[in-house]
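Colleague: The structure under discussion is supplied below as structure tokens; questions concerning it will follow.
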Amino acid sequence: MEYMDLVRKAAGYITSKIEKVPDTAVVLGSGLGFFTDLLQERCEIPYQEIPGFPVSTAPGHAGKLIYGKIGEKDVICMSGRFHFYEGYSMNEVSFYVRAFKVLGIKNLIITNAAGGINRCFTPGDLMIITDHIKFFDDSPLRGENISELGPRFNDMSEAYDKGLIEKAKSVAANQGTDVKEGVYAFMPGPSYETPAEIRALGILGADAVGMSSVPEVITASHSGLKVLGISCITNQAAGISKEKLTEEEVFETAEKVGEKFSALIAEVITEI
Ligand code: HPA
């Protein structure tokens, strides 16, 4: 089957299961599933049912699409995402973004857990992503361009929408939630980075590091979706603190800030 036929099939399947196509989709990072508790009139679609969707194998990622309402606004939510380190190509990792584009989604709110490189950050901080760094091989756009979605060489100078960044900052200020801003560096994982890699990334201008989101942001940018990216700083990156990095620390911190993180996202959704 042609790739775009599969994308359309996925979008068609999702449409058949939901009441109304929302303007906004949310992608929940590791341990950030709390947000879905805020959704009213929920309907869940397991990824296995959706044509073309891979199955998420990462711990802390539920593997279902959840549709529901926040106040008057409809929203669709990826509870569990796909990662490059799971063995998927970047194209497979971001298949859902194209399905969302065909579905009619306009805004993509991408969240993740990330290690803090900026020494002013402490675990539990939220960081609005202003830009990213990705130096690794593979791109979700590698291969034949899908010109009905976007151009061969797409501009990435405003991959993270300035209007959405301002909106998130003003919502956070109204809620009394402190938010940082910064550059997210993509690393392929699944090992956490070495202290030398983190020092190098810091010199290159990164404030935080993680193993997700960037393939999807590239795909979203290509097809003209507006992106808001927010990282939960779950730990200090390797070598910044003396502690060793553990998955448990990442989940524990993400869970601790789940409530304020979710409140921020929920309010942004109602205001866009
Ligand atoms: N490095 C990479 N990915 C991560 C980290 C980290 O320190 N913390 C959470 N996700």
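Residue numbers start at 1 in each chain; chains themselves are named A, B, ... in the order of the structure tokens; ligands are numbered from 1 in the order shown.
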Can you tell me which residues sit at most 10 Å away from ligand 1, counting only C-alpha atoms and all ligand atoms, written as a ChimeraX atom specification?
Modeller: /A:29-30,112-117,123,185-194,198,208-212,231-240,244-247,249-251,253-254
Colleague: Each residue of region 107-160 of chain A lying at most 12 Å from region 22-27 of chain A should get a row with its shortest atom-to-atom pair and the distance in Å to one decimal, counting only C-alpha atoms; could you produce that, ordered by chain and increasing number, as a Markdown table?
Modeller:
| residue | atom | partner | partner_atom | distance |
| --- | --- | --- | --- | --- |
| A:Asn107 | CA | A:Thr24 | CA | 4.6 |
| A:Leu108 | CA | A:Ala25 | CA | 5.0 |
| A:Ile109 | CA | A:Val26 | CA | 4.6 |
| A:Ile110 | CA | A:Val27 | CA | 4.9 |
| A:Thr111 | CA | A:Val27 | CA | 5.9 |
| A:Asn112 | CA | A:Val27 | CA | 8.2 |
| A:Ala113 | CA | A:Val27 | CA | 11.7 |
Colleague: Please save C-alpha atoms of the selected residues as a PDB file, in the first residue's frame.
Modeller:
ATOM      1  CA  ASN A 107      -1.654  22.430  16.804  1.00  0.00           C
ATOM      2  CA  LEU A 108       0.616  19.804  18.279  1.00  0.00           C
ATOM      3  CA  ILE A 109       1.606  20.061  21.935  1.00  0.00           C
ATOM      4  CA  ILE A 110       4.596  17.811  22.478  1.00  0.00           C
ATOM      5  CA  THR A 111       5.810  16.982  25.964  1.00  0.00           C
ATOM      6  CA  ASN A 112       8.754  14.961  27.167  1.00  0.00           C
ATOM      7  CA  ALA A 113      10.976  14.143  30.095  1.00  0.00           C
TER       8      ALA A 113
END
Colleague: Might you pull out every residue within 7 Å of region 265-268 of chain A, with only C-alpha atoms counted and same-chain residues fewer than 4 positions away left off, and present them as JSON, numbers by chain?
Modeller: {"A": [70, 167, 168, 171, 261, 272]}
Colleague: Among the residues of region 156-248 of chain A, find those DSSP assigns to strand (DSSP E) from the backbone and print them as a VMD selection string.
Modeller: chain A and resid 179 to 186 208 to 210 226 to 236
Colleague: Put those residues in a file: C-alpha atoms, as a short mmCIF file (atom, residue, chain, number, x, y, z; two decimals), in the first residue's frame.
Modeller:
data_model
loop_
_atom_site.label_atom_id
_atom_site.label_comp_id
_atom_site.auth_asym_id
_atom_site.auth_seq_id
_atom_site.Cartn_x
_atom_site.Cartn_y
_atom_site.Cartn_z
CA VAL A 179 8.67 28.06 33.48
CA LYS A 180 12.11 28.09 31.93
CA GLU A 181 12.86 28.36 28.22
CA GLY A 182 15.60 26.63 26.30
CA VAL A 183 17.07 24.48 23.57
CA TYR A 184 16.39 20.72 23.57
CA ALA A 185 19.11 18.43 22.24
CA PHE A 186 18.00 15.14 20.73
CA ALA A 208 18.20 20.05 28.08
CA VAL A 209 18.60 16.62 26.53
CA GLY A 210 16.21 13.82 25.66
CA LYS A 226 2.08 24.57 14.82
CA VAL A 227 4.18 23.05 17.59
CA LEU A 228 4.43 23.82 21.29
CA GLY A 229 7.11 21.75 23.04
CA ILE A 230 7.44 21.48 26.81
CA SER A 231 10.03 19.44 28.67
CA CYS A 232 9.77 18.31 32.23
CA ILE A 233 13.31 18.43 33.61
CA THR A 234 13.32 15.14 35.48
CA ASN A 235 17.01 14.97 36.40
CA GLN A 236 20.27 16.76 36.01
#
Colleague: Taking only C-alpha atoms into account, which of A:Pro215, A:Ile203, A:Glu86, A:Glu148 comes nearest His132 (chain A)?
Modeller: A:Pro215
Colleague: Where does DSSP see alpha helix (DSSP H) in region 75-145 of chain A, if you list the residues as a VMD selection string?
Modeller: chain A and resid 90 to 93 95 to 103
Colleague: I need the residue nearest Phe35 (chain A) from this list: A:Tyr67, A:Tyr13, A:Phe53, A:Phe82. Use only C-alpha atoms for the distance.
Modeller: A:Tyr67
